[in-house]
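Written below as structure tokens is the structure these notes are about.
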Amino acid sequence: MALCLQGQTAGPRLTLEQVLNEALSRNLKLIAERFNITIGEARILQAGLKPNPVLSVGGNYLDVLGSGFDPGKSAAGPTEVNARVDYLLERGRKRQERIAVAEAAKAVSQLELLDSTRTLILDVQNGFTEVLLAKENLNLARASLEGFNRIVAVNRTRVESGDLARVELVRSEVAALQFRNQVRQSELRLRLAKNRLQTLMGRTAFAADFDVEGALRRDPLLLTQPEILRAALAARPDLDALRRDQARSQADVRLQIAQGKVDYSIGVGYNRQLRVGSGHRGDSLGVFFSLPLPMYNRNQGEIERARQELEQIQARIHGLEQEIAAEAANAFEQYSTAKTLLESIEADMLEQARRVLDVIGFSYRRGEAAFVELLDAQRTFNDTMQGLNEARAEYAKSLFLIDSISGTGAGKGSTK
């Protein structure tokens with residue numbers, strides 16, 4: 001399905017909660033994942049069905065060549081017609097075990113849907129944060145451009161009055177062009193961030209006026225690293241899905257063992273003999289019983305396959321538990337680093353960069369500082385502010401990541 005920039009418009013600016021609600025109801029991948037639930041229900045229905053009876057109808061000694069059946073002249077005949085009904089008797093609780101496997105598979109699908117929802121929520125939260133970050137950086141670039149446009153206007157007046165060399169005006173104009181390019185790049189990054197977010201929301205057309213509102217999360221983390229790990233091991237849907245898949249595999253082992261047991265077939269047949277010309281006939285009933293002899297195939301391969309699959313799932317559970325432990329440790333480290341960096345920029349770097357810019361700007365307006373010094377001070381301030389914005393975004397992302405890893409989903413709609 002093609003994506004375009006026309007055909008869908010946005011209303012007012014959306015909050016994180018509104019964006020999440022739209023994504024959970026319209027995301028195409030999540031919609032496709034939901035079909036696994038109804039597919040599982042159909043498999044449960046199929047697993048509970050009993051085998052159909054088999055009806056057989058036949059005819060023997062049919063006089064299709066027209067030779068006629070004469071007991072005195074021919075040993076053939078008389079004509080016989082018969083009907084027979086057979087029914088398979090399943091042994092070993094095959095039907096019950098099929099149902100158990102299908103029900104466990106549906107439960108796995110439900111948990112996998114929950115995990116896909118968890119992943120989508122994190123992606124949307126990160127996408128929302130990226131849009132807010134791009135907006136902050138765009139505002140910074142525009143403010144810098146406006147400041148240098150004012151400097152260019154002042155310098156043009158000073159050149160006209162003979163108070164400033166023309167080369168200084170050219171330098172300021174070149175610097176303004178550079179900041180204009182930064183504005184354009186920031187606008188592009190914002191458009192791309194909005195498009196990515198709208199894709200996660202399941203929109204098939206990008207609204208040109210799409211926008212969001214809110215602030216980057218800044219609430220403190222209330223969990224320690226061991227608490228994060230314990231919560232993840234207890235509540236993560238992907239881990240629960242593997243554990244439920246282990247139960248499905250155990251049911252599959254029982255099913256394959258049951259499949260190795262032979263099934264009986266019983267039947268009832270009706271037979272009619274016709275003696276052409278004499279008007280006599282013979283009717284009879286037959287009872288049948290059959291079973292395969294398990295000399296070679298006792299479903300050994302499928303039984304072993306199911307047992308090895310059970311061992312494989314157990315290994316996957318241990319592997320995922322280790323991955324979750326590593327994720328919890330890395331997420332906590334990411335949070336700690338983002339928190340330290342953010343506090344360092346706010347406490348040490350930001351005020352100094354702003355003070356240097358104010359002093360150099362004041363000196364430049366008085367003719368006591370060179371333009372190169374002013375440009376360097378402005379770029380240093382911009383780098384510091386951009387670093388602050390990115391640190392705030394990383395801090396917010398680390399909180400969302402911890403929510404996702406722990407499986408709690410706490411604060412998923414928060415924009416604090």
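Labels used: A, B, ... for chains in the order of the structure tokens, numbers from 1 for residues in each chain, and numbers from 1 for ligands as shown.
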Practice item. Compile the contact shell of Ser56 of chain A as a list in words: residues with an atom at most 7 Å away, counting only C-alpha atoms, same-chain residues fewer than 3 positions apart removed. Key: Ala83, Arg84 and Val85 of chain A
Using C-alpha atoms, can you export the residues from the last selection as a PDB file, in the first residue's frame?
ATOM      1  CA  ALA A  83     -23.249 -51.598   1.260  1.00  0.00           C
ATOM      2  CA  ARG A  84     -20.903 -51.198   4.183  1.00  0.00           C
ATOM      3  CA  VAL A  85     -20.299 -48.581   6.899  1.00  0.00           C
TER       4      VAL A  85
END
Practice item. With a distance cut-off of 12 Å and only C-alpha atoms, select the neighbouring residues of Leu55 of chain A, excluding the residue or stretch itself and same-chain residues fewer than 6 positions from it, and output the selection as a PyMOL selection string. Key: chain A and resi 82-87+267-270
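Nearest-residue note for Leu45 of chain A: choosing from A:Ala100, A:Leu24, A:Leu274, A:Leu16, the minimum distance belongs to A:Ala100, counting only C-alpha atoms.
Using only C-alpha atoms, the smallest distance between any of A:Glu368, A:Glu333, A:Glu394, A:Asp115 and Gln225 of chain A comes from A:Glu333.
When only C-alpha atoms are used to measure the gap to Arg13 of chain A, the shortest distance among A:Arg189, A:Arg244, A:Arg142, A:Lys194 belongs to A:Lys194.
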Review point. Can you list, as number ranges by chain, every protein, DNA or RNA residue that comes within 10 Å of Leu388 of chain A when you count only C-alpha atoms, leaving out same-chain residues fewer than 2 positions away?
Key: A: 341-346, 349-350, 382-386, 390-394
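Of the residues under consideration (A:Leu242, A:Leu399, A:Ala141, A:Leu49), A:Leu242 shows the shortest atom-to-atom contact distance to Ala315 of chain A when counting only C-alpha atoms.
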Do a neighbour search on Asn52 of chain A at 8 Å with only C-alpha atoms, toss out local chain neighbours closer than 2 positions, and write the hits as a PDB file with N, CA and C atoms, in the first residue's frame.
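This is the output file result20.pdb:
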ATOM      1  N   LYS A  50     -14.587 -35.379  15.465  1.00  0.00           N
ATOM      2  CA  LYS A  50     -14.446 -36.831  15.450  1.00  0.00           C
ATOM      3  C   LYS A  50     -14.327 -37.321  14.011  1.00  0.00           C
ATOM      4  N   VAL A  54     -17.300 -44.091   7.170  1.00  0.00           N
ATOM      5  CA  VAL A  54     -16.987 -44.334   5.764  1.00  0.00           C
ATOM      6  C   VAL A  54     -18.058 -45.265   5.182  1.00  0.00           C
ATOM      7  N   TYR A  87     -16.312 -47.351  10.824  1.00  0.00           N
ATOM      8  CA  TYR A  87     -16.037 -46.209  11.712  1.00  0.00           C
ATOM      9  C   TYR A  87     -14.734 -46.467  12.462  1.00  0.00           C
ATOM     10  N   LEU A  88     -13.928 -45.419  12.549  1.00  0.00           N
ATOM     11  CA  LEU A  88     -12.621 -45.522  13.206  1.00  0.00           C
ATOM     12  C   LEU A  88     -12.753 -45.202  14.688  1.00  0.00           C
TER      13      LEU A  88
END
Review point. Between A:Leu221, A:Ala105, A:Ala42, A:Val124, which has the minimum distance to Asn21 of chain A (counting only C-alpha atoms)?
Key: A:Val124
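Across the structure, atom CA of Ala234 of chain A and atom CA of Leu401 of chain A are spaced 16.8 Å apart.
The coordinates place atom CA of Ala338 of chain A at 5.1 Å from atom CA of Tyr395 of chain A.
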What lies within 12 Å of Gly301 of chain A using only C-alpha atoms, ignoring chain neighbours under 6 positions off, as a PDB file with N, CA and C atoms, in the first residue's frame?
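Saved as selection_34.pdb:
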ATOM      1  N   VAL A 253       4.058 -34.005  22.912  1.00  0.00           N
ATOM      2  CA  VAL A 253       4.697 -35.296  23.199  1.00  0.00           C
ATOM      3  C   VAL A 253       3.628 -36.345  23.525  1.00  0.00           C
ATOM      4  N   GLN A 256       1.812 -37.333  20.316  1.00  0.00           N
ATOM      5  CA  GLN A 256       2.564 -38.215  19.424  1.00  0.00           C
ATOM      6  C   GLN A 256       2.655 -39.632  19.994  1.00  0.00           C
ATOM      7  N   ILE A 257       2.743 -39.744  21.318  1.00  0.00           N
ATOM      8  CA  ILE A 257       2.700 -41.082  21.925  1.00  0.00           C
ATOM      9  C   ILE A 257       1.351 -41.735  21.654  1.00  0.00           C
ATOM     10  N   GLN A 259      -0.558 -41.051  19.126  1.00  0.00           N
ATOM     11  CA  GLN A 259      -0.620 -41.374  17.703  1.00  0.00           C
ATOM     12  C   GLN A 259       0.072 -42.702  17.399  1.00  0.00           C
ATOM     13  N   GLY A 260       1.011 -43.092  18.251  1.00  0.00           N
ATOM     14  CA  GLY A 260       1.695 -44.365  18.047  1.00  0.00           C
ATOM     15  C   GLY A 260       0.848 -45.571  18.386  1.00  0.00           C
ATOM     16  N   ARG A 307       9.922 -34.719  21.599  1.00  0.00           N
ATOM     17  CA  ARG A 307      10.756 -34.666  22.807  1.00  0.00           C
ATOM     18  C   ARG A 307      11.937 -33.730  22.620  1.00  0.00           C
ATOM     19  N   GLN A 308      12.559 -33.755  21.440  1.00  0.00           N
ATOM     20  CA  GLN A 308      13.681 -32.850  21.185  1.00  0.00           C
ATOM     21  C   GLN A 308      13.212 -31.397  21.121  1.00  0.00           C
TER      22      GLN A 308
END
